[in-house]
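J.: Have a look at this one before I ask anything.
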Amino acid sequence: VSALVLDGAAIAAELRGEVAAIVAQLKSKHGKAPCLAAVLVGDDPASHVYVAAKVRDTEETGMRSLEVRLPADTSEADLIARVKALSADEEVDGILVQLPLPAHIDQNKVLAVLSPDKDVDGLTEISAGRLALGKPGLRPCTPEGSVILAKRAQKDLSGANCLVLGRSILVGKPAAALFLAENCTVTIAHSRTRDLPARCREADILVAAIGRPEMVRGDWVKPGAIVIDVGINRVPSLKTQGKTRLVGDVAYAEALETAGAITPVPGGVGPMTRAGLLRNTLRAACARRGWDMPAI
Ligand code: NDP
């Protein structure tokens with residue numbers, strides 16, 4: 001028996017379609033579409049590709065986008081001033097600051113001036129506090145995408161044992177908080193956890209976010225478990241020398257035999273993360289402008 005494959009690309013496309021439909025309604029009702037500002041500092045090629053994709057996604061849903069590209073030698077003070085101005089700008093609904101920032105800029109100081117009501121990546125301290133306290137707020141997109149995918153496999157996650165492998169601020173910690181909010185019994189594992197395979201075998205839901213290619217083996221997976229593979233790792237191709245391929249943190253082919261449901265890499269959590277940014281922009285716009293936001 002092979003696991004149900006949770007097709008993140010298809011589910012993300014559904015979500016983008018829903019966002020686009022709501023944007024069209026908002027435009028006709030209020031004469032205005034939400035606006036996402038993307039701030040990019042420096043010349044990192046990967047960051048440029050990511051931001052270009054986010055801008056394209058935003059415009060495809062009918063939302064407005066504002067790109068702020070700054071040179072690599074931008075001072076910390078200048079970047080802080082730009083983010084402050086965007087936070088105060090009535091026309092801007094969401095702000096993303098593409099990470100990593102150049103080494104001379106303290107990311108925390110920049111995030112400190114980003115309005116939590118426009119924090120579409122859910123990275124500010126206030127967003128993290130709202131999540132920890134169970135208050136409404138903008139949630140980080142990768143963990144939220146992980147929960148949506150798990151719920152496609154099992155509508156009600158209540159009472160399930162959920163093991164989150166990884167405790168980063170970006171993924172592991174917010175994922176644990178979000179699965180807790182779904183009434184799971186959550187365990188967080190990390191590099192100091194003893195007997196990781198045994199911990200994993202107890203999990204009805206296994207969320208792997210460690211950045212270690214295929215570390216989670218098939219025999220670590222409890223039969224029937226929901227496996228959410230957040231990892232994105234580039235490794236040498238098996239077929240063509242000099243080429244690379246993407247793998248997750250889970251040995252997919254092995255886990256497919258044991259799991260009840262599993263996300264592929266690529267095409268699982270990644271596309272959900274991208275689509276989540278659009279939904280968060282919509283949520284931020286509706287909350288700030290006092291518009292009704294349909295549940296999506
Ligand atoms: P970090 O490197 O920030 O965190 C990794 C976590 O894994 C740490 O908590 C670390 O433990 C733990 N860990 C590392 N090695 C081991 C090990 N051998 N055994 C047990 N635990 C271990 O990574 P991120 O959380 O930022 O990202 C995790 C993965 O998710 C990466 O592959 C990244 O590319 C991917 N990612 C995917 C996204 C998507 O859209 N799909 C978005 C963001 C990230 P400790 O704290 O003890 O050091």
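For the structure tokens, the naming scheme is as follows: chains receive sequential letters (A, B, ...) according to their order of presentation, residues are indexed from 1 within each chain, and ligands are indexed from 1 in presentation order.
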Might you pull out every residue within 7 Å of region 121-135 of chain A, with only C-alpha atoms counted and same-chain residues fewer than 5 positions away left off, and present them as number ranges by chain?

T.: A: 96, 111-112, 116, 140-141, 177, 277

J.: Go ahead and write the selection's residues with all heavy atoms as a short mmCIF file (atom, residue, chain, number, x, y, z; two decimals), in the first residue's frame.

T.:
```cif
data_model
loop_
_atom_site.label_atom_id
_atom_site.label_comp_id
_atom_site.auth_asym_id
_atom_site.auth_seq_id
_atom_site.Cartn_x
_atom_site.Cartn_y
_atom_site.Cartn_z
N LEU A 96 7.22 42.37 2.90
CA LEU A 96 8.15 41.27 3.15
C LEU A 96 9.56 41.79 2.96
O LEU A 96 9.84 42.52 2.01
CB LEU A 96 7.86 40.08 2.24
CG LEU A 96 8.28 40.10 0.79
CD1 LEU A 96 9.70 39.59 0.63
CD2 LEU A 96 7.33 39.24 -0.01
N LEU A 111 13.34 44.13 11.58
CA LEU A 111 12.01 43.55 11.86
C LEU A 111 11.30 44.31 12.98
O LEU A 111 10.07 44.35 13.02
CB LEU A 111 12.14 42.06 12.22
CG LEU A 111 12.58 41.14 11.07
CD1 LEU A 111 12.77 39.71 11.56
CD2 LEU A 111 11.58 41.18 9.92
N ALA A 112 12.08 44.94 13.85
CA ALA A 112 11.49 45.67 14.97
C ALA A 112 10.66 46.87 14.50
O ALA A 112 9.76 47.32 15.22
CB ALA A 112 12.59 46.13 15.94
N PRO A 116 3.56 44.93 12.70
CA PRO A 116 3.07 43.54 12.81
C PRO A 116 1.78 43.32 12.02
O PRO A 116 1.51 42.20 11.61
CB PRO A 116 2.84 43.35 14.31
CG PRO A 116 2.90 44.70 14.92
CD PRO A 116 3.65 45.60 14.00
N PRO A 140 3.47 32.61 10.16
CA PRO A 140 4.48 32.29 9.14
C PRO A 140 3.91 31.29 8.11
O PRO A 140 3.16 30.38 8.47
CB PRO A 140 5.62 31.67 9.94
CG PRO A 140 5.41 32.12 11.35
CD PRO A 140 3.93 32.29 11.52
N CYS A 141 4.26 31.51 6.86
CA CYS A 141 3.59 30.79 5.76
C CYS A 141 3.97 29.30 5.67
O CYS A 141 3.12 28.48 5.31
CB CYS A 141 3.91 31.47 4.43
SG CYS A 141 3.44 33.20 4.42
N ALA A 177 3.55 25.45 17.47
CA ALA A 177 2.43 26.26 18.01
C ALA A 177 1.16 26.05 17.20
O ALA A 177 0.05 25.97 17.75
CB ALA A 177 2.83 27.73 18.03
N LEU A 277 1.76 33.45 1.39
CA LEU A 277 2.12 34.87 1.40
C LEU A 277 1.00 35.72 0.80
O LEU A 277 0.68 36.81 1.30
CB LEU A 277 3.41 35.05 0.59
CG LEU A 277 3.98 36.44 0.52
CD1 LEU A 277 4.57 36.83 1.87
CD2 LEU A 277 5.06 36.51 -0.55
#
```

J.: Would you mind listing, for every residue of chain A within 8 Å of ligand 1, the two atoms forming the shortest contact and the distance between them in Å to one decimal, using only C-alpha atoms and all ligand atoms, sorted by chain and ascending residue number, as a tab-separated table?

T.:
```
residue	atom	partner	partner_atom_place_in_ligand_line	distance
A:Cys141	CA	ligand 1	40 (O)	7.8
A:Thr142	CA	ligand 1	40 (O)	5.2
A:Leu165	CA	ligand 1	21 (N)	6.2
A:Gly166	CA	ligand 1	7 (O)	3.7
A:Arg167	CA	ligand 1	9 (O)	3.7
A:Ser168	CA	ligand 1	25 (O)	4.4
A:Ile169	CA	ligand 1	25 (O)	7.0
A:Leu170	CA	ligand 1	26 (O)	5.7
A:Val171	CA	ligand 1	25 (O)	4.7
A:Gly172	CA	ligand 1	25 (O)	5.7
A:Ala189	CA	ligand 1	21 (N)	6.4
A:His190	CA	ligand 1	21 (N)	3.6
A:Ser191	CA	ligand 1	21 (N)	3.5
A:Arg192	CA	ligand 1	47 (O)	5.6
A:Thr193	CA	ligand 1	20 (C)	6.7
A:Leu196	CA	ligand 1	20 (C)	7.3
A:Ala208	CA	ligand 1	29 (C)	7.6
A:Ala209	CA	ligand 1	28 (C)	4.1
A:Ile210	CA	ligand 1	7 (O)	3.3
A:Gly211	CA	ligand 1	32 (O)	3.1
A:Arg212	CA	ligand 1	15 (N)	6.2
A:Pro213	CA	ligand 1	32 (O)	7.7
A:Met215	CA	ligand 1	18 (N)	7.6
A:Asp229	CA	ligand 1	41 (N)	7.8
A:Val230	CA	ligand 1	41 (N)	4.6
A:Gly231	CA	ligand 1	32 (O)	3.5
A:Ile232	CA	ligand 1	32 (O)	4.1
A:Asn233	CA	ligand 1	32 (O)	5.4
A:Gly248	CA	ligand 1	32 (O)	6.9
A:Asp249	CA	ligand 1	32 (O)	6.7
A:Gly268	CA	ligand 1	41 (N)	7.3
A:Val269	CA	ligand 1	41 (N)	4.6
A:Gly270	CA	ligand 1	41 (N)	3.8
A:Pro271	CA	ligand 1	40 (O)	6.9
A:Met272	CA	ligand 1	40 (O)	7.2
A:Thr273	CA	ligand 1	40 (O)	4.9
A:Arg274	CA	ligand 1	40 (O)	7.2
```

J.: Where does DSSP see strand (DSSP E) in region 86-236 of chain A, if you list the residues as a PyMOL selection string?

T.: chain A and resi 94-97+161-165+185-189+205-208+226-229+233-236

J.: Which one is closest to His48 (chain A): A:Ile228, A:Leu4, A:Leu99, A:Val19? Count only C-alpha atoms.

T.: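 For His48 (chain A), the nearest of the given residues is A:Leu99.
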
J.: Determine which residues of region 29-244 of chain A DSSP labels as alpha helix (DSSP H) from the backbone of this structure, then write them out as a short mmCIF file (atom, residue, chain, number, x, y, z; two decimals) with N, CA, C and O atoms, in the first residue's frame.

T.:
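Saved to selection.cif:
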```cif
data_model
loop_
_atom_site.label_atom_id
_atom_site.label_comp_id
_atom_site.auth_asym_id
_atom_site.auth_seq_id
_atom_site.Cartn_x
_atom_site.Cartn_y
_atom_site.Cartn_z
N LYS A 29 -15.85 46.15 -5.00
CA LYS A 29 -16.57 46.72 -3.85
C LYS A 29 -15.90 47.99 -3.33
O LYS A 29 -16.56 48.96 -2.97
N HIS A 30 -14.57 47.96 -3.26
CA HIS A 30 -13.86 49.08 -2.62
C HIS A 30 -13.00 49.87 -3.60
O HIS A 30 -12.35 50.84 -3.22
N PRO A 45 21.75 36.11 -6.00
CA PRO A 45 20.93 35.67 -7.13
C PRO A 45 19.69 34.90 -6.70
O PRO A 45 18.60 35.11 -7.26
N ALA A 46 19.83 34.03 -5.69
CA ALA A 46 18.67 33.24 -5.25
C ALA A 46 17.58 34.17 -4.72
O ALA A 46 16.40 34.00 -5.04
N SER A 47 17.97 35.19 -3.95
CA SER A 47 16.98 36.12 -3.39
C SER A 47 16.26 36.87 -4.51
O SER A 47 15.05 37.11 -4.42
N HIS A 48 17.01 37.23 -5.57
CA HIS A 48 16.38 37.91 -6.70
C HIS A 48 15.34 37.02 -7.36
O HIS A 48 14.24 37.47 -7.70
N VAL A 49 15.66 35.73 -7.51
CA VAL A 49 14.72 34.78 -8.12
C VAL A 49 13.47 34.66 -7.23
O VAL A 49 12.32 34.72 -7.72
N TYR A 50 13.67 34.53 -5.92
CA TYR A 50 12.53 34.38 -5.01
C TYR A 50 11.61 35.59 -5.06
O TYR A 50 10.39 35.48 -5.13
N VAL A 51 12.23 36.79 -5.01
CA VAL A 51 11.41 38.02 -4.98
C VAL A 51 10.66 38.17 -6.30
O VAL A 51 9.47 38.51 -6.31
N ALA A 52 11.34 37.87 -7.41
CA ALA A 52 10.67 37.98 -8.72
C ALA A 52 9.45 37.05 -8.75
O ALA A 52 8.37 37.42 -9.24
N ALA A 53 9.60 35.84 -8.20
CA ALA A 53 8.48 34.87 -8.18
C ALA A 53 7.34 35.39 -7.30
O ALA A 53 6.16 35.28 -7.66
N LYS A 54 7.68 35.99 -6.17
CA LYS A 54 6.64 36.50 -5.26
C LYS A 54 5.88 37.67 -5.90
O LYS A 54 4.67 37.78 -5.77
N VAL A 55 6.63 38.52 -6.60
CA VAL A 55 6.00 39.67 -7.27
C VAL A 55 5.06 39.16 -8.37
O VAL A 55 3.92 39.62 -8.50
N ARG A 56 5.53 38.16 -9.12
CA ARG A 56 4.71 37.60 -10.21
C ARG A 56 3.43 36.97 -9.63
O ARG A 56 2.33 37.24 -10.09
N ASP A 57 3.58 36.17 -8.57
CA ASP A 57 2.42 35.55 -7.91
C ASP A 57 1.41 36.63 -7.48
O ASP A 57 0.21 36.48 -7.67
N THR A 58 1.94 37.69 -6.88
CA THR A 58 1.08 38.76 -6.35
C THR A 58 0.27 39.38 -7.48
O THR A 58 -0.96 39.54 -7.37
N GLU A 59 0.97 39.71 -8.57
CA GLU A 59 0.29 40.40 -9.68
C GLU A 59 -0.70 39.46 -10.36
O GLU A 59 -1.76 39.90 -10.82
N GLU A 60 -0.39 38.17 -10.41
CA GLU A 60 -1.30 37.21 -11.04
C GLU A 60 -2.63 37.10 -10.30
O GLU A 60 -3.63 36.72 -10.89
N GLU A 76 22.33 50.16 7.50
CA GLU A 76 21.26 49.66 8.37
C GLU A 76 20.23 50.77 8.64
O GLU A 76 19.02 50.53 8.57
N ALA A 77 20.74 51.98 8.88
CA ALA A 77 19.85 53.11 9.18
C ALA A 77 18.93 53.40 7.99
O ALA A 77 17.72 53.65 8.17
N ASP A 78 19.47 53.32 6.77
CA ASP A 78 18.65 53.59 5.58
C ASP A 78 17.57 52.53 5.42
O ASP A 78 16.42 52.84 5.10
N LEU A 79 17.95 51.27 5.63
CA LEU A 79 16.96 50.20 5.47
C LEU A 79 15.86 50.33 6.53
O LEU A 79 14.67 50.20 6.23
N ILE A 80 16.27 50.66 7.74
CA ILE A 80 15.28 50.84 8.81
C ILE A 80 14.31 51.97 8.43
O ILE A 80 13.09 51.85 8.58
N ALA A 81 14.86 53.06 7.88
CA ALA A 81 14.02 54.19 7.48
C ALA A 81 13.04 53.76 6.38
O ALA A 81 11.86 54.15 6.41
N ARG A 82 13.50 52.95 5.42
CA ARG A 82 12.61 52.50 4.34
C ARG A 82 11.49 51.62 4.88
O ARG A 82 10.33 51.75 4.48
N VAL A 83 11.83 50.70 5.77
CA VAL A 83 10.81 49.79 6.31
C VAL A 83 9.82 50.55 7.19
O VAL A 83 8.61 50.31 7.15
N LYS A 84 10.33 51.53 7.93
CA LYS A 84 9.44 52.39 8.73
C LYS A 84 8.45 53.12 7.85
O LYS A 84 7.26 53.21 8.15
N ALA A 85 8.97 53.66 6.73
CA ALA A 85 8.11 54.42 5.82
C ALA A 85 7.04 53.51 5.22
O ALA A 85 5.87 53.91 5.12
N LEU A 86 7.41 52.29 4.85
CA LEU A 86 6.42 51.35 4.30
C LEU A 86 5.39 50.98 5.36
O LEU A 86 4.20 50.82 5.07
N SER A 87 5.85 50.84 6.60
CA SER A 87 4.93 50.49 7.69
C SER A 87 3.89 51.59 7.88
O SER A 87 2.74 51.32 8.24
N ALA A 88 4.31 52.84 7.63
CA ALA A 88 3.40 53.98 7.83
C ALA A 88 2.57 54.28 6.59
O ALA A 88 1.60 55.04 6.65
N GLN A 107 19.20 41.99 11.29
CA GLN A 107 17.83 41.63 10.88
C GLN A 107 16.80 41.99 11.96
O GLN A 107 15.71 42.48 11.66
N ASN A 108 17.17 41.78 13.23
CA ASN A 108 16.21 42.03 14.31
C ASN A 108 15.84 43.50 14.41
O ASN A 108 14.69 43.84 14.71
N LYS A 109 16.82 44.38 14.15
CA LYS A 109 16.53 45.82 14.22
C LYS A 109 15.57 46.22 13.09
O LYS A 109 14.74 47.11 13.27
N VAL A 110 15.70 45.57 11.95
CA VAL A 110 14.82 45.88 10.82
C VAL A 110 13.42 45.36 11.11
O VAL A 110 12.42 46.08 10.94
N LEU A 111 13.34 44.13 11.58
CA LEU A 111 12.01 43.55 11.86
C LEU A 111 11.30 44.31 12.98
O LEU A 111 10.07 44.35 13.02
N GLU A 125 8.53 39.99 16.34
CA GLU A 125 8.33 39.49 17.71
C GLU A 125 6.85 39.55 18.09
O GLU A 125 6.35 38.67 18.80
N ILE A 126 6.17 40.57 17.62
CA ILE A 126 4.75 40.69 17.98
C ILE A 126 3.94 39.59 17.32
O ILE A 126 3.06 38.99 17.95
N SER A 127 4.25 39.27 16.06
CA SER A 127 3.54 38.17 15.40
C SER A 127 3.79 36.86 16.14
O SER A 127 2.87 36.05 16.34
N ALA A 128 5.05 36.64 16.55
CA ALA A 128 5.39 35.41 17.28
C ALA A 128 4.65 35.37 18.62
O ALA A 128 4.14 34.32 19.04
N GLY A 129 4.55 36.52 19.27
CA GLY A 129 3.84 36.61 20.55
C GLY A 129 2.35 36.34 20.38
O GLY A 129 1.74 35.62 21.17
N ARG A 130 1.76 36.90 19.33
CA ARG A 130 0.34 36.67 19.06
C ARG A 130 0.09 35.19 18.83
O ARG A 130 -0.90 34.63 19.32
N LEU A 131 0.98 34.54 18.09
CA LEU A 131 0.83 33.10 17.83
C LEU A 131 0.95 32.31 19.14
O LEU A 131 0.12 31.44 19.42
N ALA A 132 1.96 32.65 19.93
CA ALA A 132 2.16 31.92 21.20
C ALA A 132 0.96 32.09 22.12
O ALA A 132 0.59 31.16 22.85
N LEU A 133 0.35 33.27 22.09
CA LEU A 133 -0.79 33.55 22.98
C LEU A 133 -2.13 33.11 22.37
O LEU A 133 -3.17 33.28 23.00
N CYS A 141 4.26 31.51 6.86
CA CYS A 141 3.59 30.79 5.76
C CYS A 141 3.97 29.30 5.67
O CYS A 141 3.12 28.48 5.31
N THR A 142 5.21 28.96 5.95
CA THR A 142 5.62 27.55 5.81
C THR A 142 4.91 26.66 6.83
O THR A 142 4.33 25.63 6.47
N PRO A 143 4.92 27.01 8.11
CA PRO A 143 4.21 26.18 9.08
C PRO A 143 2.70 26.15 8.80
O PRO A 143 2.06 25.10 8.95
N GLU A 144 2.15 27.28 8.39
CA GLU A 144 0.70 27.28 8.13
C GLU A 144 0.38 26.37 6.94
O GLU A 144 -0.60 25.63 6.96
N GLY A 145 1.24 26.42 5.91
CA GLY A 145 1.07 25.52 4.77
C GLY A 145 1.16 24.06 5.20
O GLY A 145 0.44 23.20 4.68
N SER A 146 2.03 23.78 6.16
CA SER A 146 2.19 22.41 6.66
C SER A 146 0.90 21.92 7.32
O SER A 146 0.48 20.77 7.12
N VAL A 147 0.28 22.80 8.10
CA VAL A 147 -0.98 22.42 8.77
C VAL A 147 -2.08 22.18 7.74
O VAL A 147 -2.82 21.19 7.82
N ILE A 148 -2.16 23.05 6.74
CA ILE A 148 -3.20 22.89 5.71
C ILE A 148 -3.04 21.54 5.02
O ILE A 148 -4.02 20.80 4.82
N LEU A 149 -1.80 21.17 4.69
CA LEU A 149 -1.57 19.89 4.01
C LEU A 149 -1.94 18.72 4.92
O LEU A 149 -2.57 17.76 4.47
N ALA A 150 -1.56 18.80 6.18
CA ALA A 150 -1.90 17.71 7.12
C ALA A 150 -3.42 17.55 7.22
O ALA A 150 -3.95 16.43 7.27
N LYS A 151 -4.13 18.69 7.21
CA LYS A 151 -5.60 18.63 7.32
C LYS A 151 -6.26 18.10 6.06
O LYS A 151 -7.42 17.68 6.09
N ARG A 152 -5.55 18.13 4.93
CA ARG A 152 -6.07 17.50 3.72
C ARG A 152 -6.07 15.98 3.89
O ARG A 152 -6.85 15.27 3.27
N ALA A 153 -5.13 15.48 4.70
CA ALA A 153 -5.06 14.03 4.92
C ALA A 153 -6.07 13.62 5.99
O ALA A 153 -6.65 12.54 5.92
N GLY A 172 10.26 25.41 12.78
CA GLY A 172 9.94 24.44 13.84
C GLY A 172 9.06 24.99 14.95
O GLY A 172 8.00 24.42 15.26
N LYS A 173 9.48 26.11 15.53
CA LYS A 173 8.71 26.65 16.67
C LYS A 173 7.29 27.07 16.28
O LYS A 173 6.33 26.68 16.95
N PRO A 174 7.14 27.86 15.19
CA PRO A 174 5.75 28.19 14.83
C PRO A 174 4.93 26.98 14.39
O PRO A 174 3.72 26.93 14.64
N ALA A 175 5.58 25.98 13.76
CA ALA A 175 4.84 24.77 13.37
C ALA A 175 4.30 24.09 14.62
O ALA A 175 3.13 23.67 14.67
N ALA A 176 5.12 24.00 15.66
CA ALA A 176 4.67 23.36 16.90
C ALA A 176 3.47 24.12 17.48
O ALA A 176 2.48 23.51 17.91
N ALA A 177 3.55 25.45 17.47
CA ALA A 177 2.43 26.26 18.01
C ALA A 177 1.16 26.05 17.20
O ALA A 177 0.05 25.97 17.75
N LEU A 178 1.30 25.96 15.89
CA LEU A 178 0.11 25.82 15.03
C LEU A 178 -0.52 24.43 15.16
O LEU A 178 -1.75 24.30 15.15
N PHE A 179 0.30 23.39 15.28
CA PHE A 179 -0.27 22.05 15.49
C PHE A 179 -0.88 21.93 16.88
O PHE A 179 -1.88 21.26 17.07
N LEU A 180 -0.31 22.64 17.84
CA LEU A 180 -0.92 22.68 19.17
C LEU A 180 -2.30 23.34 19.10
O LEU A 180 -3.26 22.88 19.72
N ALA A 181 -2.37 24.40 18.31
CA ALA A 181 -3.66 25.10 18.14
C ALA A 181 -4.69 24.19 17.47
O ALA A 181 -5.90 24.43 17.60
N LEU A 196 16.09 9.57 18.27
CA LEU A 196 15.16 10.23 17.35
C LEU A 196 14.27 9.24 16.59
O LEU A 196 13.05 9.46 16.50
N PRO A 197 14.83 8.14 16.05
CA PRO A 197 13.95 7.20 15.32
C PRO A 197 12.79 6.71 16.17
O PRO A 197 11.64 6.66 15.69
N ALA A 198 13.05 6.43 17.45
CA ALA A 198 11.97 5.94 18.32
C ALA A 198 10.91 7.03 18.55
O ALA A 198 9.71 6.76 18.54
N ARG A 199 11.38 8.29 18.74
CA ARG A 199 10.44 9.41 18.92
C ARG A 199 9.55 9.55 17.68
O ARG A 199 8.35 9.74 17.76
N CYS A 200 10.22 9.44 16.51
CA CYS A 200 9.48 9.61 15.25
C CYS A 200 8.42 8.51 15.10
O CYS A 200 7.30 8.79 14.65
N ARG A 201 8.76 7.29 15.51
CA ARG A 201 7.82 6.17 15.34
C ARG A 201 6.55 6.32 16.18
O ARG A 201 5.58 5.61 15.98
#
```

J.: Set out as a tab-separated table a contact list for region 34-84 of chain A and region 89-95 of chain A with a cut-off of 10 Å, giving each residue of region 34-84 of chain A that qualifies its closest atom pair and distance in Å to one decimal, counting only C-alpha atoms, ordered by chain and rising residue number.

T.:
```
residue	atom	partner	partner_atom	distance
A:Pro34	CA	A:Asp93	CA	6.0
A:Cys35	CA	A:Val92	CA	5.2
A:Leu36	CA	A:Gly94	CA	4.6
A:Ala37	CA	A:Ile95	CA	4.8
A:Ala38	CA	A:Ile95	CA	6.0
A:Val39	CA	A:Ile95	CA	7.5
A:Arg64	CA	A:Val92	CA	9.1
A:Ser65	CA	A:Val92	CA	8.9
A:Leu66	CA	A:Val92	CA	8.4
A:Val83	CA	A:Ile95	CA	8.2
A:Lys84	CA	A:Asp89	CA	8.6
```

J.: Using all heavy atoms, can you export the residues from the last selection as a PDB file, in the first residue's frame?

T.:
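Listing of selection-v6.pdb after writing:
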```
ATOM      1  N   PRO A  34      -5.413  44.912  -2.616  1.00  0.00           N
ATOM      2  CA  PRO A  34      -4.324  44.951  -1.629  1.00  0.00           C
ATOM      3  C   PRO A  34      -2.974  45.106  -2.301  1.00  0.00           C
ATOM      4  O   PRO A  34      -2.801  44.735  -3.464  1.00  0.00           O
ATOM      5  CB  PRO A  34      -4.422  43.574  -0.949  1.00  0.00           C
ATOM      6  CG  PRO A  34      -5.818  43.123  -1.174  1.00  0.00           C
ATOM      7  CD  PRO A  34      -6.217  43.682  -2.505  1.00  0.00           C
ATOM      8  N   CYS A  35      -2.021  45.654  -1.544  1.00  0.00           N
ATOM      9  CA  CYS A  35      -0.680  45.914  -2.089  1.00  0.00           C
ATOM     10  C   CYS A  35       0.400  45.282  -1.207  1.00  0.00           C
ATOM     11  O   CYS A  35       0.427  45.491   0.004  1.00  0.00           O
ATOM     12  CB  CYS A  35      -0.457  47.423  -2.170  1.00  0.00           C
ATOM     13  SG  CYS A  35       1.217  47.874  -2.637  1.00  0.00           S
ATOM     14  N   LEU A  36       1.264  44.497  -1.843  1.00  0.00           N
ATOM     15  CA  LEU A  36       2.385  43.860  -1.137  1.00  0.00           C
ATOM     16  C   LEU A  36       3.698  44.537  -1.532  1.00  0.00           C
ATOM     17  O   LEU A  36       4.018  44.633  -2.716  1.00  0.00           O
ATOM     18  CB  LEU A  36       2.453  42.374  -1.510  1.00  0.00           C
ATOM     19  CG  LEU A  36       3.652  41.591  -0.968  1.00  0.00           C
ATOM     20  CD1 LEU A  36       3.610  41.482   0.559  1.00  0.00           C
ATOM     21  CD2 LEU A  36       3.714  40.189  -1.579  1.00  0.00           C
ATOM     22  N   ALA A  37       4.445  44.992  -0.535  1.00  0.00           N
ATOM     23  CA  ALA A  37       5.767  45.577  -0.798  1.00  0.00           C
ATOM     24  C   ALA A  37       6.848  44.547  -0.508  1.00  0.00           C
ATOM     25  O   ALA A  37       6.841  43.915   0.554  1.00  0.00           O
ATOM     26  CB  ALA A  37       5.976  46.810   0.074  1.00  0.00           C
ATOM     27  N   ALA A  38       7.751  44.355  -1.469  1.00  0.00           N
ATOM     28  CA  ALA A  38       8.853  43.402  -1.293  1.00  0.00           C
ATOM     29  C   ALA A  38      10.162  44.175  -1.242  1.00  0.00           C
ATOM     30  O   ALA A  38      10.480  44.922  -2.159  1.00  0.00           O
ATOM     31  CB  ALA A  38       8.877  42.414  -2.460  1.00  0.00           C
ATOM     32  N   VAL A  39      10.900  43.993  -0.152  1.00  0.00           N
ATOM     33  CA  VAL A  39      12.154  44.725   0.031  1.00  0.00           C
ATOM     34  C   VAL A  39      13.320  43.757  -0.160  1.00  0.00           C
ATOM     35  O   VAL A  39      13.389  42.717   0.509  1.00  0.00           O
ATOM     36  CB  VAL A  39      12.218  45.349   1.445  1.00  0.00           C
ATOM     37  CG1 VAL A  39      13.512  46.149   1.619  1.00  0.00           C
ATOM     38  CG2 VAL A  39      11.001  46.229   1.711  1.00  0.00           C
ATOM     39  N   ARG A  64      -1.689  44.438  -6.057  1.00  0.00           N
ATOM     40  CA  ARG A  64      -0.620  45.331  -6.492  1.00  0.00           C
ATOM     41  C   ARG A  64       0.684  44.930  -5.801  1.00  0.00           C
ATOM     42  O   ARG A  64       0.654  44.419  -4.671  1.00  0.00           O
ATOM     43  CB  ARG A  64      -0.947  46.776  -6.108  1.00  0.00           C
ATOM     44  CG  ARG A  64      -2.161  47.343  -6.863  1.00  0.00           C
ATOM     45  CD  ARG A  64      -2.538  48.717  -6.334  1.00  0.00           C
ATOM     46  NE  ARG A  64      -3.057  48.632  -4.975  1.00  0.00           N
ATOM     47  CZ  ARG A  64      -2.988  49.606  -4.080  1.00  0.00           C
ATOM     48  NH1 ARG A  64      -2.392  50.743  -4.377  1.00  0.00           N
ATOM     49  NH2 ARG A  64      -3.511  49.455  -2.873  1.00  0.00           N
ATOM     50  N   SER A  65       1.808  45.175  -6.467  1.00  0.00           N
ATOM     51  CA  SER A  65       3.072  44.909  -5.789  1.00  0.00           C
ATOM     52  C   SER A  65       3.990  46.101  -5.951  1.00  0.00           C
ATOM     53  O   SER A  65       3.904  46.849  -6.928  1.00  0.00           O
ATOM     54  CB  SER A  65       3.727  43.641  -6.317  1.00  0.00           C
ATOM     55  OG  SER A  65       4.249  43.889  -7.584  1.00  0.00           O
ATOM     56  N   LEU A  66       4.811  46.264  -4.950  1.00  0.00           N
ATOM     57  CA  LEU A  66       5.754  47.383  -4.928  1.00  0.00           C
ATOM     58  C   LEU A  66       7.118  46.779  -4.628  1.00  0.00           C
ATOM     59  O   LEU A  66       7.286  46.140  -3.585  1.00  0.00           O
ATOM     60  CB  LEU A  66       5.327  48.329  -3.798  1.00  0.00           C
ATOM     61  CG  LEU A  66       6.161  49.563  -3.547  1.00  0.00           C
ATOM     62  CD1 LEU A  66       6.024  50.523  -4.713  1.00  0.00           C
ATOM     63  CD2 LEU A  66       5.666  50.253  -2.265  1.00  0.00           C
ATOM     64  N   VAL A  83      11.833  50.703   5.774  1.00  0.00           N
ATOM     65  CA  VAL A  83      10.814  49.788   6.307  1.00  0.00           C
ATOM     66  C   VAL A  83       9.816  50.555   7.187  1.00  0.00           C
ATOM     67  O   VAL A  83       8.610  50.307   7.154  1.00  0.00           O
ATOM     68  CB  VAL A  83      11.471  48.605   7.065  1.00  0.00           C
ATOM     69  CG1 VAL A  83      10.427  47.738   7.754  1.00  0.00           C
ATOM     70  CG2 VAL A  83      12.303  47.762   6.098  1.00  0.00           C
ATOM     71  N   LYS A  84      10.332  51.535   7.926  1.00  0.00           N
ATOM     72  CA  LYS A  84       9.444  52.393   8.734  1.00  0.00           C
ATOM     73  C   LYS A  84       8.453  53.121   7.845  1.00  0.00           C
ATOM     74  O   LYS A  84       7.258  53.209   8.146  1.00  0.00           O
ATOM     75  CB  LYS A  84      10.291  53.447   9.478  1.00  0.00           C
ATOM     76  CG  LYS A  84      10.447  53.185  10.945  1.00  0.00           C
ATOM     77  CD  LYS A  84      11.093  54.412  11.594  1.00  0.00           C
ATOM     78  CE  LYS A  84      11.546  54.049  12.991  1.00  0.00           C
ATOM     79  NZ  LYS A  84      12.508  54.996  13.530  1.00  0.00           N
TER      80      LYS A  84
END
```

J.: Between CA of Asp106 (chain A) and CA of Leu282 (chain A), measure the distance and give it in Å to one decimal.

T.: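 Between these atoms lies a distance of 28.4 Å.
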
J.: Would you pick out the contacts of Val227 (chain A) at 9 Å or less, using only C-alpha atoms, so that residues sharing its chain but fewer than 4 positions from it are not included, and give the list as a PyMOL selection string?

T.: chain A and resi 150+204-208+221+250+255+259-263

J.: Kindly give the distance, in Å, that separates CA of Gly42 (chain A) and CA of Thr244 (chain A), rounded to a single decimal.

T.: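 Taking CA of Gly42 (chain A) and CA of Thr244 (chain A), their separation equals 25.7 Å.
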